[in-house]
$ cat run06.cif   # mmCIF, C-alpha atoms
data_model
loop_
_atom_site.label_atom_id
_atom_site.label_comp_id
_atom_site.auth_asym_id
_atom_site.auth_seq_id
_atom_site.Cartn_x
_atom_site.Cartn_y
_atom_site.Cartn_z
CA MET V 102 153.21 133.91 131.12
CA ARG V 103 152.21 130.26 130.84
CA ASN V 104 150.27 128.85 127.93
CA PHE V 105 146.58 128.49 128.71
CA LYS V 106 145.88 125.87 126.06
CA PRO V 107 147.89 124.29 123.23
CA MET V 108 146.88 125.54 119.80
CA ARG V 109 145.02 122.99 117.70
CA ASN V 110 145.89 122.42 114.07
CA PHE V 111 144.77 125.16 111.71
CA GLY V 112 141.86 123.30 110.09
CA LEU V 113 141.62 125.45 106.98
CA GLU V 114 145.32 125.19 106.17
CA VAL V 115 145.38 121.44 106.81
CA PHE V 116 142.45 121.08 104.41
CA PHE V 117 144.13 123.31 101.81
CA SER V 118 147.40 121.40 102.08
CA LYS V 119 145.50 118.39 100.74
CA TRP V 120 143.31 120.01 98.10
CA GLU V 121 144.34 123.57 97.16
CA PHE V 122 146.87 122.62 94.51
CA THR V 123 145.39 119.27 93.49
CA ALA V 124 141.76 120.18 92.81
CA ARG V 125 141.32 121.46 89.27
CA TYR V 126 138.80 124.18 90.15
CA HIS V 127 139.62 126.26 93.24
CA MET V 128 136.19 127.77 93.89
CA THR V 129 136.71 128.71 97.53
CA ALA V 130 139.62 131.15 97.22
CA SER V 131 139.48 133.94 99.81
CA ASP V 132 141.47 136.51 97.84
CA MET V 133 140.94 138.63 94.78
CA GLU V 134 142.50 137.76 91.42
CA SER V 135 146.22 138.47 91.63
CA MET V 136 148.54 139.88 89.01
CA THR V 137 152.08 139.44 87.74
CA THR V 138 154.98 141.61 88.79
CA ALA V 139 154.92 143.14 85.30
CA ASP V 140 151.21 143.95 85.70
CA LEU V 141 151.81 145.64 89.02
CA LEU V 142 154.82 147.58 87.76
CA GLY V 143 152.54 148.87 85.03
CA PHE V 144 150.93 151.05 87.73
CA ALA V 145 154.31 152.49 88.80
CA ASP V 146 155.61 155.94 87.98
CA GLU V 147 159.24 156.45 86.97
CA ASP V 148 160.41 157.03 90.56
CA ASP V 149 158.74 153.81 91.75
CA LYS V 150 160.33 151.85 88.91
CA LEU V 151 163.73 153.32 89.67
CA ASN V 152 163.35 152.56 93.38
CA PHE V 153 162.47 148.96 92.54
CA ASP V 154 165.27 148.41 90.00
CA ASP V 155 167.94 149.94 92.24
CA LEU V 156 166.72 148.27 95.44
CA TRP V 157 169.29 147.23 98.03
CA LEU V 158 168.42 143.70 99.20
CA GLY V 159 169.55 144.06 102.79
CA TYR V 160 167.56 144.07 106.02
CA THR V 161 164.69 146.54 106.21
CA GLU V 162 163.37 148.52 109.17
CA THR V 163 161.32 146.49 111.64
CA TRP V 164 158.60 149.14 111.61
CA GLY V 165 158.47 149.07 107.80
CA ALA V 166 159.91 151.51 105.28
CA PRO V 167 159.08 155.10 106.31
CA ASP V 168 157.51 155.99 102.96
CA LEU V 169 155.46 152.78 103.00
CA ARG V 170 154.12 153.63 106.46
CA GLU V 171 153.27 157.12 105.27
CA THR V 172 151.42 155.71 102.26
CA ILE V 173 149.51 153.23 104.43
CA ALA V 174 148.58 156.05 106.83
CA GLN V 175 146.99 157.89 103.91
CA THR V 176 144.42 155.09 103.62
CA TYR V 177 143.07 156.18 107.05
CA ASP V 178 141.38 159.38 108.18
CA ARG V 179 143.35 160.05 111.37
CA MET V 180 146.54 157.99 111.15
CA ASP V 181 150.11 159.16 110.62
CA ALA V 182 153.18 157.06 109.86
CA GLN V 183 153.85 156.77 113.61
CA ASN V 184 150.56 154.90 114.00
CA ILE V 185 151.55 152.15 111.55
CA LEU V 186 153.54 148.94 112.10
CA CYS V 187 154.16 146.78 109.04
CA LEU V 188 153.92 142.99 109.26
CA ALA V 189 154.68 139.85 107.30
CA GLY V 190 151.02 139.26 106.45
CA ALA V 191 147.92 139.62 108.60
CA GLY V 192 148.40 136.34 110.47
CA GLU V 193 151.41 137.79 112.24
CA GLY V 194 149.22 140.60 113.55
CA LEU V 195 146.56 138.24 114.93
CA TYR V 196 149.27 136.23 116.68
CA MET V 197 151.13 139.23 118.05
CA MET V 198 148.03 140.92 119.43
CA ALA V 199 147.08 137.86 121.47
CA LYS V 200 150.59 137.31 122.80
CA VAL V 201 151.31 140.97 123.60
CA LEU V 202 147.96 142.23 124.88
CA LEU V 203 146.59 139.22 126.77
CA ASP V 204 147.49 137.46 130.01
CA THR V 205 146.12 134.28 131.59
CA ASP V 206 143.60 136.21 133.69
CA ASP V 207 142.08 138.00 130.67
CA HIS V 208 139.04 137.17 128.56
CA VAL V 209 138.32 137.61 124.84
CA ILE V 210 135.07 137.77 122.85
CA VAL V 211 134.94 136.69 119.22
CA PRO V 212 131.99 136.23 116.81
CA THR V 213 131.58 132.80 115.23
CA PRO V 214 132.08 131.40 112.65
CA ASN V 215 135.45 133.05 112.24
CA TYR V 216 138.93 132.86 110.80
CA GLN V 217 140.41 130.30 113.17
CA SER V 218 143.37 132.40 114.36
CA ALA V 219 140.93 134.86 115.93
CA GLU V 220 139.97 132.29 118.58
CA THR V 221 142.74 129.67 118.59
CA VAL V 222 145.64 132.03 119.34
CA PRO V 223 143.85 133.84 122.22
CA LEU V 224 142.81 130.43 123.58
CA SER V 225 146.50 129.60 124.00
CA VAL V 226 146.64 132.46 126.51
CA CYS V 227 143.26 132.94 128.20
CA GLU V 228 139.54 132.21 128.09
CA VAL V 229 137.54 133.03 124.95
CA THR V 230 133.78 133.34 124.50
CA GLY V 231 132.22 132.84 121.09
CA VAL V 232 129.18 134.90 120.12
CA PRO V 233 127.30 133.29 117.20
CA MET V 234 126.36 135.30 114.13
CA HIS V 235 122.63 135.37 113.37
CA ARG V 236 121.25 134.32 109.98
CA ASP V 237 118.01 135.74 108.59
CA MET V 238 117.22 135.36 104.88
CA ASN V 239 114.53 138.06 105.17
CA ALA V 240 116.72 140.72 106.78
CA SER V 241 118.52 143.50 104.91
CA GLN V 242 121.64 141.35 105.03
CA GLU V 243 121.72 137.60 105.60
CA TRP V 244 124.18 137.52 108.51
CA SER V 245 124.59 139.86 111.48
CA ILE V 246 125.98 140.13 115.01
CA ASP V 247 123.83 141.31 117.92
CA VAL V 248 125.28 144.04 120.15
CA ASP V 249 123.23 142.72 123.10
CA ASP V 250 124.87 139.30 122.64
CA ILE V 251 128.28 140.95 122.84
CA LYS V 252 127.24 142.88 125.95
CA ALA V 253 125.95 139.71 127.62
CA ALA V 254 129.33 138.01 127.01
CA ILE V 255 131.35 140.75 128.74
CA ARG V 256 133.02 139.81 132.02
CA PRO V 257 134.92 141.98 134.50
CA ASN V 258 138.17 140.68 132.97
CA THR V 259 137.23 141.06 129.29
CA LYS V 260 140.23 142.61 127.57
CA LEU V 261 139.56 142.26 123.86
CA LEU V 262 136.76 142.06 121.32
CA SER V 263 138.00 140.56 118.06
CA LEU V 264 136.00 141.52 114.97
CA ASN V 265 136.29 140.70 111.26
CA PHE V 266 134.16 142.83 108.93
CA PRO V 267 133.70 142.49 105.99
CA HIS V 268 133.31 139.03 107.46
CA ASN V 269 134.99 135.79 106.50
CA PRO V 270 133.19 133.54 105.65
CA THR V 271 129.70 135.15 105.53
CA GLY V 272 130.45 138.39 103.67
CA ALA V 273 128.52 140.39 106.29
CA LEU V 274 129.18 144.06 107.05
CA LEU V 275 128.67 145.96 110.29
CA PRO V 276 126.25 148.90 109.88
CA ARG V 277 127.60 152.20 111.21
CA ASP V 278 125.07 152.46 114.03
CA LYS V 279 125.97 148.98 115.26
CA MET V 280 129.68 149.72 114.94
CA ASP V 281 129.26 152.91 116.99
CA ALA V 282 127.28 150.98 119.60
CA LEU V 283 130.09 148.44 119.93
CA VAL V 284 132.67 151.20 120.30
CA ASP V 285 130.57 152.87 123.00
CA LEU V 286 130.18 149.54 124.78
CA CYS V 287 133.89 148.76 124.67
CA ARG V 288 134.80 152.28 125.74
CA GLU V 289 132.52 151.91 128.76
CA TYR V 290 134.29 148.72 129.87
CA GLY V 291 137.81 149.64 128.71
CA ILE V 292 137.94 146.83 126.14
CA TYR V 293 140.26 146.83 123.13
CA ILE V 294 138.81 146.12 119.68
CA LEU V 295 140.94 144.27 117.15
CA SER V 296 139.29 144.77 113.78
CA ASP V 297 140.38 142.49 110.94
CA GLU V 298 139.65 144.72 107.93
CA VAL V 299 141.43 142.75 105.22
CA TYR V 300 138.40 142.80 102.89
CA ARG V 301 137.77 146.53 103.17
CA GLY V 302 137.65 148.00 99.67
CA VAL V 303 135.73 145.10 98.10
CA GLU V 304 132.08 145.82 98.89
CA LEU V 305 129.37 144.99 96.38
CA ASN V 306 128.04 148.48 97.09
CA PRO V 307 130.96 150.83 97.85
CA ASP V 308 128.53 153.10 99.74
CA ASP V 309 128.39 150.39 102.43
CA ARG V 310 132.11 150.71 103.21
CA MET V 311 132.76 150.78 106.95
CA PRO V 312 135.04 153.19 108.81
CA GLN V 313 138.26 151.73 110.17
CA ILE V 314 138.35 151.11 113.90
CA ALA V 315 141.71 152.85 114.40
CA ASP V 316 140.14 156.08 113.16
CA ILE V 317 137.14 156.04 115.50
CA TYR V 318 138.31 154.37 118.73
CA GLU V 319 141.31 155.13 120.93
CA LYS V 320 141.61 151.44 121.85
CA GLY V 321 140.94 150.22 118.34
CA VAL V 322 143.52 148.26 116.35
CA SER V 323 142.98 147.96 112.59
CA LEU V 324 144.53 144.97 110.85
CA ASN V 325 144.99 144.95 107.08
CA VAL V 326 147.06 143.28 104.39
CA MET V 327 147.82 143.32 100.68
CA SER V 328 146.53 139.74 100.33
CA LYS V 329 142.75 139.91 100.15
CA ALA V 330 141.14 143.08 98.76
CA TYR V 331 144.29 143.93 96.78
CA GLY V 332 144.78 140.35 95.55
CA LEU V 333 148.52 140.32 96.31
CA PRO V 334 149.08 137.58 98.92
CA GLY V 335 152.51 136.77 97.50
CA LEU V 336 153.86 140.08 98.78
CA ARG V 337 153.31 139.06 102.43
CA ILE V 338 152.87 142.68 103.50
CA GLY V 339 150.36 143.53 106.21
CA TRP V 340 150.06 146.13 108.97
CA VAL V 341 148.35 147.26 112.12
CA ALA V 342 147.18 150.81 112.76
CA THR V 343 146.24 152.23 116.14
CA GLN V 344 146.12 155.43 118.20
CA ASP V 345 147.69 153.50 121.10
CA LEU V 346 151.40 154.15 120.52
CA ASP V 347 152.46 152.25 123.65
CA LEU V 348 150.74 149.10 122.40
CA LEU V 349 152.24 149.61 118.96
CA GLN V 350 155.72 149.80 120.51
CA GLN V 351 155.13 146.51 122.33
CA LEU V 352 154.00 144.88 119.10
CA GLU V 353 157.14 146.13 117.34
CA ARG V 354 159.31 144.60 120.05
CA TYR V 355 157.48 141.29 119.74
CA LYS V 356 158.00 141.31 115.99
CA HIS V 357 161.73 140.95 116.72
CA TYR V 358 160.96 137.32 117.66
CA LEU V 359 158.89 136.67 114.54
CA SER V 360 159.56 138.06 111.05
CA ILE V 361 161.99 140.78 112.33
CA CYS V 362 161.46 142.79 109.14
CA ASN V 363 159.66 142.68 105.81
CA SER V 364 160.90 141.79 102.35
CA ALA V 365 162.45 144.83 100.67
CA PRO V 366 161.07 144.04 97.15
CA SER V 367 157.63 143.41 98.65
CA GLU V 368 157.65 146.79 100.38
CA ARG V 369 158.35 148.55 97.06
CA LEU V 370 155.66 146.57 95.23
CA ALA V 371 153.17 147.22 98.04
CA MET V 372 153.85 150.95 97.69
CA ILE V 373 152.95 150.79 94.01
CA ALA V 374 149.72 148.90 94.72
CA LEU V 375 148.66 151.24 97.51
CA LYS V 376 149.11 154.26 95.26
CA ALA V 377 146.97 152.53 92.61
CA ARG V 378 144.35 151.30 95.08
CA ASP V 379 141.45 153.17 93.48
CA GLU V 380 142.09 151.47 90.14
CA ILE V 381 142.69 148.08 91.75
CA PHE V 382 139.54 148.29 93.88
CA LYS V 383 137.46 149.35 90.89
CA ARG V 384 138.69 146.35 88.90
CA ASN V 385 138.06 144.03 91.83
CA HIS V 386 134.59 145.41 92.52
CA ASN V 387 133.56 144.80 88.92
CA LEU V 388 134.95 141.26 89.07
CA VAL V 389 133.15 140.39 92.32
CA LEU V 390 129.88 141.77 91.03
CA SER V 391 130.03 139.92 87.71
CA ASN V 392 130.99 136.65 89.43
CA ALA V 393 128.15 137.02 91.92
CA VAL V 394 125.68 137.33 89.02
CA LEU V 395 127.07 134.21 87.32
CA LEU V 396 126.92 132.21 90.55
CA GLU V 397 123.38 133.42 91.15
CA GLU V 398 122.33 132.14 87.74
CA LEU V 399 123.75 128.70 88.51
CA PHE V 400 121.98 128.38 91.86
CA ASP V 401 118.72 129.73 90.39
CA ASP V 402 118.78 126.89 87.87
CA PHE V 403 118.77 124.33 90.71
CA PRO V 404 116.07 125.55 93.13
CA GLY V 405 115.92 123.67 96.40
CA LEU V 406 119.63 122.83 96.34
CA VAL V 407 121.33 125.94 97.77
CA GLU V 408 120.07 128.96 99.74
CA TRP V 409 122.09 131.91 98.50
CA ARG V 410 122.30 135.66 98.92
CA ARG V 411 125.09 137.86 97.67
CA PRO V 412 127.67 138.84 100.30
CA MET V 413 127.71 142.49 101.33
CA GLY V 414 131.49 142.77 101.35
CA GLY V 415 134.62 140.80 100.60
CA CYS V 416 134.99 138.08 98.01
CA VAL V 417 133.65 135.04 99.87
CA ALA V 418 130.11 133.93 100.66
CA TYR V 419 128.64 131.25 102.94
CA PRO V 420 125.57 129.71 101.27
CA LYS V 421 123.54 126.94 102.89
CA TYR V 422 123.23 123.58 101.17
CA ILE V 423 119.63 122.32 101.55
CA GLY V 424 119.72 119.33 99.18
CA PRO V 425 120.05 115.63 100.06
CA ASP V 426 122.83 113.92 102.06
CA GLY V 427 124.05 117.04 103.89
CA GLY V 428 126.60 119.75 103.20
CA GLU V 429 129.70 117.73 104.07
CA ASN V 430 128.84 115.04 101.52
CA PHE V 431 127.95 117.73 99.00
CA CYS V 432 131.44 119.30 99.27
CA ARG V 433 133.19 115.93 99.35
CA SER V 434 131.37 114.72 96.25
CA LEU V 435 132.21 117.90 94.35
CA VAL V 436 135.93 117.68 94.98
CA GLU V 437 136.30 113.89 94.68
CA ASP V 438 134.05 113.39 91.65
CA SER V 439 134.42 116.70 89.77
CA SER V 440 137.60 118.25 91.20
CA VAL V 441 135.71 121.36 92.39
CA LEU V 442 136.99 122.66 95.72
CA LEU V 443 134.65 124.29 98.26
CA LEU V 444 135.14 124.69 102.01
CA PRO V 445 132.62 122.70 104.07
CA SER V 446 131.27 124.20 107.29
CA SER V 447 133.22 121.67 109.37
CA ILE V 448 136.32 123.79 108.65
CA TYR V 449 134.65 126.58 110.63
CA GLU V 450 133.84 124.48 113.70
CA SER V 451 134.67 126.43 116.83
CA GLU V 452 135.99 125.48 120.25
CA VAL V 453 134.07 128.32 121.90
CA SER V 454 130.63 128.32 120.26
CA ASN V 455 128.23 126.39 118.09
CA THR V 456 128.57 127.11 114.38
CA PRO V 457 126.07 126.54 111.55
CA LYS V 458 126.04 123.21 109.73
CA ASP V 459 125.52 122.42 106.04
CA HIS V 460 127.08 125.65 104.80
CA PHE V 461 130.05 126.03 102.48
CA ARG V 462 132.42 128.85 101.60
CA ILE V 463 132.65 129.85 97.98
CA GLY V 464 134.93 132.54 96.56
CA ILE V 465 133.85 135.09 93.97
CA GLY V 466 137.08 137.07 93.60
CA ARG V 467 138.97 135.07 91.00
CA GLU V 468 138.91 135.60 87.24
CA LYS V 469 141.09 132.74 86.02
CA GLY V 470 139.21 129.48 86.22
CA PHE V 471 136.01 130.86 87.75
CA LYS V 472 133.76 130.40 84.72
CA GLU V 473 135.30 126.99 84.04
CA GLY V 474 134.62 126.05 87.65
CA LEU V 475 130.99 127.08 87.28
CA VAL V 476 130.70 124.85 84.20
CA ALA V 477 132.12 121.94 86.19
CA MET V 478 129.70 122.62 89.04
CA ARG V 479 126.76 122.76 86.62
CA GLU V 480 127.77 119.44 85.05
CA HIS V 481 128.08 117.91 88.51
CA PHE V 482 124.67 119.23 89.55
CA GLU V 483 123.04 117.95 86.35
CA LYS V 484 124.52 114.52 86.88
CA LYS V 485 123.81 114.19 90.60
CA TYR V 486 120.89 116.55 91.29
CA SER V 487 118.86 116.51 88.08
CA SER V 488 115.58 116.54 90.03
CA PHE V 489 116.43 120.02 91.31
CA THR V 490 116.60 121.70 87.90
CA LYS V 491 113.95 124.18 86.82
#
$ encode --input "run06.cif" --output "structure tokens"
Amino acid sequence: MRNFKPMRNFGLEVFFSKWEFTARYHMTASDMESMTTADLLGFADEDDKLNFDDLWLGYTETWGAPDLRETIAQTYDRMDAQNILCLAGAGEGLYMMAKVLLDTDDHVIVPTPNYQSAETVPLSVCEVTGVPMHRDMNASQEWSIDVDDIKAAIRPNTKLLSLNFPHNPTGALLPRDKMDALVDLCREYGIYILSDEVYRGVELNPDDRMPQIADIYEKGVSLNVMSKAYGLPGLRIGWVATQDLDLLQQLERYKHYLSICNSAPSERLAMIALKARDEIFKRNHNLVLSNAVLLEELFDDFPGLVEWRRPMGGCVAYPKYIGPDGGENFCRSLVEDSSVLLLPSSIYESEVSNTPKDHFRIGIGREKGFKEGLVAMREHFEKKYSSFTK
């Protein structure tokens, strides 16, 4: 298999390498508030603590520890341990799926804006079509994807539809009727669906929680990780789940060229977190909701500066800046003058579709520093945009 196109630099990570640990207020974080090892061990029962303390620090199984796979399977409706392959984070899964499933003659469809790996890695193999998300401030949710747009993008050689709901960066969800329609469409054409579900569990209304694609579609591949909804990115534990055992075997073989196996301590800590997921999700839901209210109050005090609606799911939102000088200058001024870090919409520029301008990603999942960051934003707004106050 030859490379179709060299992969461009990962724009988000290049941007973060400059600002993430130098800006004082990280207001665009895409994960929930994390915890210390001691905090996490506080959820453990005596057996889990013993297993962690007596852990042998040798190589682990490429598939993942059997009991970890069993515990992950319990977060699905129809999965068993045999349907689970553990990964070193979610990024490994996005990379592996493109390299294992796709060939140069294939075609991929991906909504835009998106997490860059979803389009850049497939583009290194085959052709990719971007389908823009629609924005409507008067609709039941601000952002959505049109099933007819997806259908219009299908070609005879379309192999994969790559989805990410709850969506990064817009916070959109996929209603069940639309999700079922996409499954029916892909089943008709024999198309795989890769569903990035890393924000599942952090919905502002838990009743809106979506089913997982691996449970409802025989060619569905669910991707998840401990990083986002659980707030444990330092563990570097992710996984894919699917009914397609042949594909899963191919992914496991490809993993031999990548991470080979997962960290043994991380597997034990992930087990503890998964068992405590109801408590962790409850804490995280309350945090997202309270932060959304605080952010709402700030934007309400500066009408005409930002168009904002709460995200439906996940812990990031994608408001539109409507003040003077444009969104790029707005984000640049915030970080350079007030050390407040936001992600400008240029980070979400796509090679396969037009993407909206003058937006910015803001995170609402952190506890430490969030209120202080809002104070810094308010002071910046008062200094630079005083005419927009109530």
$ resolve_selection --input "run06.cif" --expression "the PyMOL selection byres ((chain V and resi 188) around 7)" --output "list in words"
Leu186, Cys187, Ala189, Gly190, Ala191, Glu193, Gly194, Ile338, Gly339, Trp340 and Asn363 of chain V
$ resolve_selection --input "run06.cif" --expression "the PyMOL selection byres ((chain V and resi 232) around 7)" --output "number ranges by chain"
V: 211-213, 230-231, 233-234, 250-251, 454
$ atom_distance --input "run06.cif" --atom1 "CA of Tyr358 (chain V)" --atom2 "CA of Thr163 (chain V)"
11.0 Å
$ atom_distance --input "run06.cif" --atom1 "CA of Val226 (chain V)" --atom2 "CA of Ala199 (chain V)"
7.4 Å
$ atom_distance --input "run06.cif" --atom1 "CA of Gly192 (chain V)" --atom2 "CA of Val222 (chain V)"
10.2 Å
$ residues_near_point --input "run06.cif" --point "(153.9, 146.2, 117.4)" --cutoff "12 Å" --atoms "all atoms listed in the file" --output "PyMOL selection string"
chain V and resi 163-165+183-189+193-202+322+324+340-343+345-362
$ resolve_selection --input "run06.cif" --expression "the PyMOL selection byres ((chain V and resi 295-309) around 8)" --output "PyMOL selection string"
chain V and resi 191+261-268+274+276+293-294+310-311+313-314+321-330+382+385-386+389-390+412-416
$ closest_residue --input "run06.cif" --among "V:Thr456, V:Glu134, V:Ile373, V:Tyr449" --to "Glu147 (chain V)" --atoms "only C-alpha atoms"
V:Ile373
$ residues_around --input "run06.cif" --residues "Ala418 (chain V)" --least-positions-apart "6" --cutoff "6 Å" --atoms "only C-alpha atoms" --output "list in words"
Pro270, Thr271, Gly272, Pro412, Arg462 and Ile463 of chain V
$ residues_around --input "run06.cif" --residues "Ala477 (chain V)" --least-positions-apart "2" --cutoff "9 Å" --atoms "all atoms listed in the file" --output "list in words"
Tyr126, Ser439, Ser440, Val441, Lys472, Glu473, Gly474, Leu475, Arg479, Glu480, His481 and Phe482 of chain V
$ residues_around --input "run06.cif" --residues "Asp278 (chain V)" --least-positions-apart "3" --cutoff "12 Å" --atoms "all atoms listed in the file" --output "ChimeraX atom specification"
/V:247-248,274-275,281-285,311-312
$ closest_residue --input "run06.cif" --among "V:Asp249, V:Phe400, V:Leu406, V:Arg337" --to "Ala365 (chain V)" --atoms "all atoms listed in the file"
V:Arg337
$ closest_residue --input "run06.cif" --among "V:Ile173, V:Cys432, V:Leu203, V:Ile465" --to "Arg411 (chain V)" --atoms "only C-alpha atoms"
V:Ile465
$ decode --input "run06.cif" --residues "region 215-295 of chain V" --atoms "C-alpha atoms" --output "short mmCIF file (atom, residue, chain, number, x, y, z; two decimals), in the first residue's frame"
data_model
loop_
_atom_site.label_atom_id
_atom_site.label_comp_id
_atom_site.auth_asym_id
_atom_site.auth_seq_id
_atom_site.Cartn_x
_atom_site.Cartn_y
_atom_site.Cartn_z
CA ASN V 215 -13.51 17.74 13.26
CA TYR V 216 -10.66 16.39 15.35
CA GLN V 217 -7.90 16.55 12.76
CA SER V 218 -6.87 12.88 12.92
CA ALA V 219 -10.30 11.91 11.59
CA GLU V 220 -9.45 13.38 8.18
CA THR V 221 -5.65 13.70 8.07
CA VAL V 222 -4.84 10.03 8.70
CA PRO V 223 -7.35 8.69 6.12
CA LEU V 224 -6.05 11.28 3.65
CA SER V 225 -2.63 9.61 3.87
CA VAL V 226 -4.28 6.52 2.38
CA CYS V 227 -7.22 7.50 0.16
CA GLU V 228 -9.69 10.22 -0.80
CA VAL V 229 -11.78 11.92 1.90
CA THR V 230 -14.93 14.02 1.54
CA GLY V 231 -15.86 16.52 4.22
CA VAL V 232 -19.53 17.13 5.00
CA PRO V 233 -20.02 20.45 6.84
CA MET V 234 -22.01 20.64 10.04
CA HIS V 235 -24.99 23.01 9.92
CA ARG V 236 -25.44 25.80 12.46
CA ASP V 237 -28.88 27.14 13.42
CA MET V 238 -29.27 29.23 16.58
CA ASN V 239 -33.06 28.69 16.45
CA ALA V 240 -32.98 24.90 16.21
CA SER V 241 -33.30 22.50 19.15
CA GLN V 242 -29.52 22.25 19.14
CA GLU V 243 -27.14 24.73 17.57
CA TRP V 244 -25.13 22.32 15.41
CA SER V 245 -26.25 19.28 13.40
CA ILE V 246 -25.30 17.00 10.51
CA ASP V 247 -27.71 16.31 7.64
CA VAL V 248 -28.25 12.66 6.67
CA ASP V 249 -29.03 13.74 3.08
CA ASP V 250 -25.63 15.46 2.91
CA ILE V 251 -23.97 12.22 3.98
CA LYS V 252 -25.96 10.27 1.39
CA ALA V 253 -25.00 12.73 -1.36
CA ALA V 254 -21.31 12.25 -0.49
CA ILE V 255 -21.41 8.45 -0.87
CA ARG V 256 -19.49 6.98 -3.81
CA PRO V 257 -19.33 3.39 -5.07
CA ASN V 258 -15.98 3.03 -3.26
CA THR V 259 -16.98 4.64 0.05
CA LYS V 260 -15.60 2.40 2.79
CA LEU V 261 -15.92 4.39 5.99
CA LEU V 262 -18.01 7.08 7.65
CA SER V 263 -16.12 8.65 10.55
CA LEU V 264 -18.31 10.22 13.24
CA ASN V 265 -17.59 12.01 16.53
CA PHE V 266 -20.59 12.53 18.81
CA PRO V 267 -20.76 14.11 21.35
CA HIS V 268 -18.91 16.34 18.91
CA ASN V 269 -15.59 18.09 19.27
CA PRO V 270 -15.62 21.08 19.01
CA THR V 271 -19.34 21.96 18.78
CA GLY V 272 -20.78 19.83 21.60
CA ALA V 273 -23.52 18.52 19.29
CA LEU V 274 -25.27 15.18 19.76
CA LEU V 275 -26.84 12.91 17.17
CA PRO V 276 -30.55 12.29 17.83
CA ARG V 277 -31.53 8.61 17.83
CA ASP V 278 -33.68 8.86 14.70
CA LYS V 279 -30.80 10.44 12.78
CA MET V 280 -28.35 7.87 14.14
CA ASP V 281 -30.64 5.03 13.04
CA ALA V 282 -30.99 6.63 9.60
CA LEU V 283 -27.20 6.76 9.22
CA VAL V 284 -26.89 3.11 10.25
CA ASP V 285 -29.56 2.12 7.73
CA LEU V 286 -27.79 4.13 5.04
CA CYS V 287 -24.39 2.61 5.77
CA ARG V 288 -25.86 -0.89 5.98
CA GLU V 289 -27.41 -0.40 2.54
CA TYR V 290 -24.03 0.52 1.01
CA GLY V 291 -21.85 -1.77 3.16
CA ILE V 292 -20.02 1.15 4.79
CA TYR V 293 -18.22 0.91 8.12
CA ILE V 294 -18.92 3.52 10.80
CA LEU V 295 -16.12 4.57 13.12
#
